[in-house]
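In what follows, a structure is listed as structure tokens, so that the remarks can point back to it.
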Amino acid sequence: MPLAKTGSNPSTPPSILSLAYDLPNICSLVGLLSALLALYFAMTGNYQAAMIGLIWAVFFDWNDGKIARKMKGRTAQQSQVGAQVDSLIDIVSFGICPAVILLSYGGYSPWLIPGAFLIVTAGVLRLSYFNVFGLDGKSTYQGLAYDNNAIILVFVFLLESFITTSAFTIVLYITLIALSALNVAPIRTPKLNGGLWYYVLALYTLAITSIYGWLLLSNP
């Protein structure tokens, strides 16, 4: 996005690295690290650890905006950049990460590529739409918010211990295709990342971390 001009002189843009010193952006980048750890563990077959990384990516995603709203003296330019940072990281955390989890769990079968493509494509379309049009009303989104992909996926993955690998691959495939459809569906869903829902997510994050942490320790 072009920088605003004052009179006839364009304002001097900040350095790229200076963006990493903004506290909300730091929170976003920690969320990106969580997503990258989830990707790493998924590709190495450690899905319990991947689920822990994925849910923490959601938690940090909810916190960057919360921090930004509480900061005083933050410029419009910083807010615009922060929104772009958040959006780009969302693609990694809630699109590419679930797609790689699907591909890895299914042994990288080419039959899984359409599902992986759909979950990433839905995110690209959804986030592009949101960046231009914003909320659909005062407190609702059009379609299912993208972070719900991770919130639902880490819960569904609890079934993995109770059914066969081939059966769970089908469950995973159907789940991600359904989420892709809901991400871009012309329906209204509430914006949940505030108020009581923030504390619900915090408890959910701790619960998911504890469950998968216990599974990791019990199956070394």
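By convention in this document, the chains of the structure tokens carry letters A, B, ... by their order, each chain's residues are numbered from 1, and ligands are numbered from 1 in the order they are shown.
Those residues that approach range 133-141 of chain A to within 6 Å, counting only C-alpha atoms, are A:Tyr129, A:Arg188, A:Thr189, A:Pro190, A:Lys191; same-chain residues fewer than 4 positions away are not listed.
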Task: For Ile67 in chain A: contacts at 10 Å, only C-alpha atoms, fewer than 6 positions along chain excluded, given as a PyMOL selection string - done: chain A and resi 23-25+27
Those selected residues, please, written with C-alpha atoms and delivered as a JSON list (two decimals), in the first residue's frame.
[["chain", "number", "residue", "atom", "x", "y", "z"],
["A", 23, "LEU", "CA", 5.15, -5.39, 19.66],
["A", 24, "PRO", "CA", 2.02, -6.65, 17.84],
["A", 25, "ASN", "CA", 4.23, -7.73, 14.93],
["A", 27, "CYS", "CA", 3.49, -11.44, 18.64]]
Would you write out, as JSON lines, a table of all residues in range 143-196 of chain A that have an atom no more than 12 Å from an atom of range 50-61 of chain A, listing for each the closest atom pair and the distance in Å to one decimal, considering only C-alpha atoms and ordering rows by chain and rising residue number?
{"residue": "A:Ala145", "atom": "CA", "partner": "A:Val58", "partner_atom": "CA", "distance": 11.6}
{"residue": "A:Tyr146", "atom": "CA", "partner": "A:Val58", "partner_atom": "CA", "distance": 9.9}
{"residue": "A:Asp147", "atom": "CA", "partner": "A:Val58", "partner_atom": "CA", "distance": 6.3}
{"residue": "A:Asn148", "atom": "CA", "partner": "A:Val58", "partner_atom": "CA", "distance": 8.5}
{"residue": "A:Asn149", "atom": "CA", "partner": "A:Val58", "partner_atom": "CA", "distance": 9.6}
{"residue": "A:Ala150", "atom": "CA", "partner": "A:Leu54", "partner_atom": "CA", "distance": 6.4}
{"residue": "A:Ile151", "atom": "CA", "partner": "A:Ile55", "partner_atom": "CA", "distance": 6.5}
{"residue": "A:Ile152", "atom": "CA", "partner": "A:Ile55", "partner_atom": "CA", "distance": 9.7}
{"residue": "A:Leu153", "atom": "CA", "partner": "A:Met51", "partner_atom": "CA", "distance": 8.3}
{"residue": "A:Val154", "atom": "CA", "partner": "A:Met51", "partner_atom": "CA", "distance": 5.5}
{"residue": "A:Phe155", "atom": "CA", "partner": "A:Met51", "partner_atom": "CA", "distance": 8.9}
{"residue": "A:Val156", "atom": "CA", "partner": "A:Met51", "partner_atom": "CA", "distance": 10.4}
{"residue": "A:Phe157", "atom": "CA", "partner": "A:Met51", "partner_atom": "CA", "distance": 8.0}
{"residue": "A:Leu158", "atom": "CA", "partner": "A:Met51", "partner_atom": "CA", "distance": 9.6}
{"residue": "A:Glu160", "atom": "CA", "partner": "A:Met51", "partner_atom": "CA", "distance": 11.8}
{"residue": "A:Asn193", "atom": "CA", "partner": "A:Asp61", "partner_atom": "CA", "distance": 9.3}
{"residue": "A:Gly194", "atom": "CA", "partner": "A:Phe59", "partner_atom": "CA", "distance": 11.8}
- [ ] Identify, on the basis of only C-alpha atoms, every residue whose closest approach to range 166-178 of chain A does not exceed 6 Å; exclude the query and any residue fewer than 3 positions from it along the same chain; express the result as number ranges by chain.
- [x] A: 106, 115, 181
- [ ] May I ask which of the residues A:Ser104, A:Gln142, A:Thr164, A:Asn131 is the closest one to Ala42 in chain A, counting only C-alpha atoms?
- [x]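 Using only C-alpha atoms, Ala42 in chain A sits closest to A:Ser104.
Picture a line from CA of Ser28 in chain A to CA of Asp86 in chain A; it runs 6.2 Å.
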